[in-house]
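Below is one structure, written out as structure tokens; the observations come after it.
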Amino acid sequence: MVKKIKPISRTEKIEAEINRIAAEVFFQKREIFGLDEIWVPCVDISEKQDEILVEIEVPGVAQKDINILLHSNRLEISGVKGEKLSPGRKKFLRLEREYGHFRRYIFFPSIVIPDKAKASLQNGVLRIVLKKFKREREKEVVVKIHKAQE
């Protein structure tokens, strides 16, 4: 069986990986040795012709604890997931859920319109719908030359 290689899809994967690494290196603030207890929520990004959909898993995070900043081609989602401590001493046999501050930077291949962004939080999934900015095609206009008035 011969597998065809699609150079465009490889290019998109490489570009997405470069953007992810750039976000981690240049924008995320981490303390020395990673002791700041930042957790990273999972993100799904899909695209239609005129919009981009971002879905982020933030179970147990209240709406008031989430901040969304949108730039022309970059989205920053940050917040905090508070640990629910019950009174009294507790001995954990296993503790796998993550708590604390989180921050995600997402870069888009196209410019979006910040004023038309819509976000909703339901069942622990933050859903952000972004409208793409469409540049109008260049128009060809015929300019008539008038006689100059003396």
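Naming scheme: A, B, ... for chains in displayed order of the structure tokens; residues 1 onward per chain; ligands 1 onward as shown.
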Could you give me, as JSON lines, a per-residue list for region 33-60 of chain A showing, wherever an atom lies at most 12 Å from an atom of region 133-149 of chain A, the closest pair of atoms and their distance in Å to one decimal, using only C-alpha atoms and sorting by chain then residue number from low to high?
{"residue": "A:Gln49", "atom": "CA", "partner": "A:Lys134", "partner_atom": "CA", "distance": 10.2}
{"residue": "A:Asp50", "atom": "CA", "partner": "A:Phe133", "partner_atom": "CA", "distance": 8.0}
{"residue": "A:Glu51", "atom": "CA", "partner": "A:Phe133", "partner_atom": "CA", "distance": 8.8}
{"residue": "A:Ile52", "atom": "CA", "partner": "A:Phe133", "partner_atom": "CA", "distance": 10.7}
- request: For Pro109 (chain A), work out the shell of residues within 10 Å, counting only C-alpha atoms and skipping chain neighbours fewer than 6 positions away, then give it as a list in words.
  value: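 Everything that qualifies: Glu12, Glu15, Ala16, Asn19, Asn73 and Arg74 of chain A.
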Create the file for the chosen residues now, containing N, CA and C atoms and written as a PDB file, in the first residue's frame.
ATOM      1  N   GLU A  12       0.913  22.505   8.126  1.00  0.00           N
ATOM      2  CA  GLU A  12      -0.005  22.983   9.163  1.00  0.00           C
ATOM      3  C   GLU A  12       0.357  22.401  10.519  1.00  0.00           C
ATOM      4  N   GLU A  15       3.485  24.190  11.755  1.00  0.00           N
ATOM      5  CA  GLU A  15       3.137  25.549  12.169  1.00  0.00           C
ATOM      6  C   GLU A  15       2.416  25.551  13.517  1.00  0.00           C
ATOM      7  N   ALA A  16       1.499  24.608  13.720  1.00  0.00           N
ATOM      8  CA  ALA A  16       0.781  24.523  14.992  1.00  0.00           C
ATOM      9  C   ALA A  16       1.738  24.199  16.134  1.00  0.00           C
ATOM     10  N   ASN A  19       3.779  27.314  16.969  1.00  0.00           N
ATOM     11  CA  ASN A  19       2.956  28.257  17.738  1.00  0.00           C
ATOM     12  C   ASN A  19       2.797  27.807  19.184  1.00  0.00           C
ATOM     13  N   ASN A  73      -4.947  38.076  16.603  1.00  0.00           N
ATOM     14  CA  ASN A  73      -4.685  36.695  16.196  1.00  0.00           C
ATOM     15  C   ASN A  73      -4.209  35.825  17.363  1.00  0.00           C
ATOM     16  N   ARG A  74      -4.475  36.266  18.598  1.00  0.00           N
ATOM     17  CA  ARG A  74      -4.040  35.518  19.776  1.00  0.00           C
ATOM     18  C   ARG A  74      -5.107  35.574  20.856  1.00  0.00           C
TER      19      ARG A  74
END
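Interatomic distance, CA of Val129 (chain A) against CA of Phe102 (chain A): 20.5 Å.
Using only C-alpha atoms for every distance, the candidate list A:Leu69, A:Arg127, A:Arg103, A:Gly82 yields A:Leu69 as the residue closest to Asp115 (chain A).
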- request: May I ask which of the residues A:Leu95, A:Ile14, A:Lys64, A:Leu75 is the closest one to Ile113 (chain A), counting only C-alpha atoms?
  value: A:Leu75
- request: Quote the spacing between CA of Tyr105 (chain A) and CA of Ile45 (chain A) in Å to one decimal place.
  value: 12.2 Å
query: Between A:Phe92, A:Gly79, A:Ser120, A:Leu53, which has the minimum distance to Phe108 (chain A) (counting only C-alpha atoms)?
result: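 With only C-alpha atoms as the atom set, the closest residue is A:Leu53.
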Exercise: Ile128 (chain A) partners within 8 Å, only C-alpha atoms, chain neighbours under 5 positions left out, as JSON, numbers by chain: {"A": [53, 54, 55, 117, 118, 119, 120]}
Neighbour list for Val43 (chain A) as a PyMOL selection string, cut-off 10 Å, only C-alpha atoms, skip fewer than 6 positions in-chain: chain A and resi 54-58+104+106+125-127
statement: What separates CA of Val80 (chain A) and CA of Glu98 (chain A) is a distance of 10.5 Å
Residue contacts of Ile68 (chain A) (8 Å, only C-alpha atoms) excluding same-chain residues fewer than 6 positions away, as a VMD selection string: chain A and resid 75 to 78
Those of region 11-122 of chain A in DSSP strand (DSSP E or B), formatted as a PyMOL selection string: chain A and resi 43-47+51-57+66-70+74-81+100-107+112+118-122
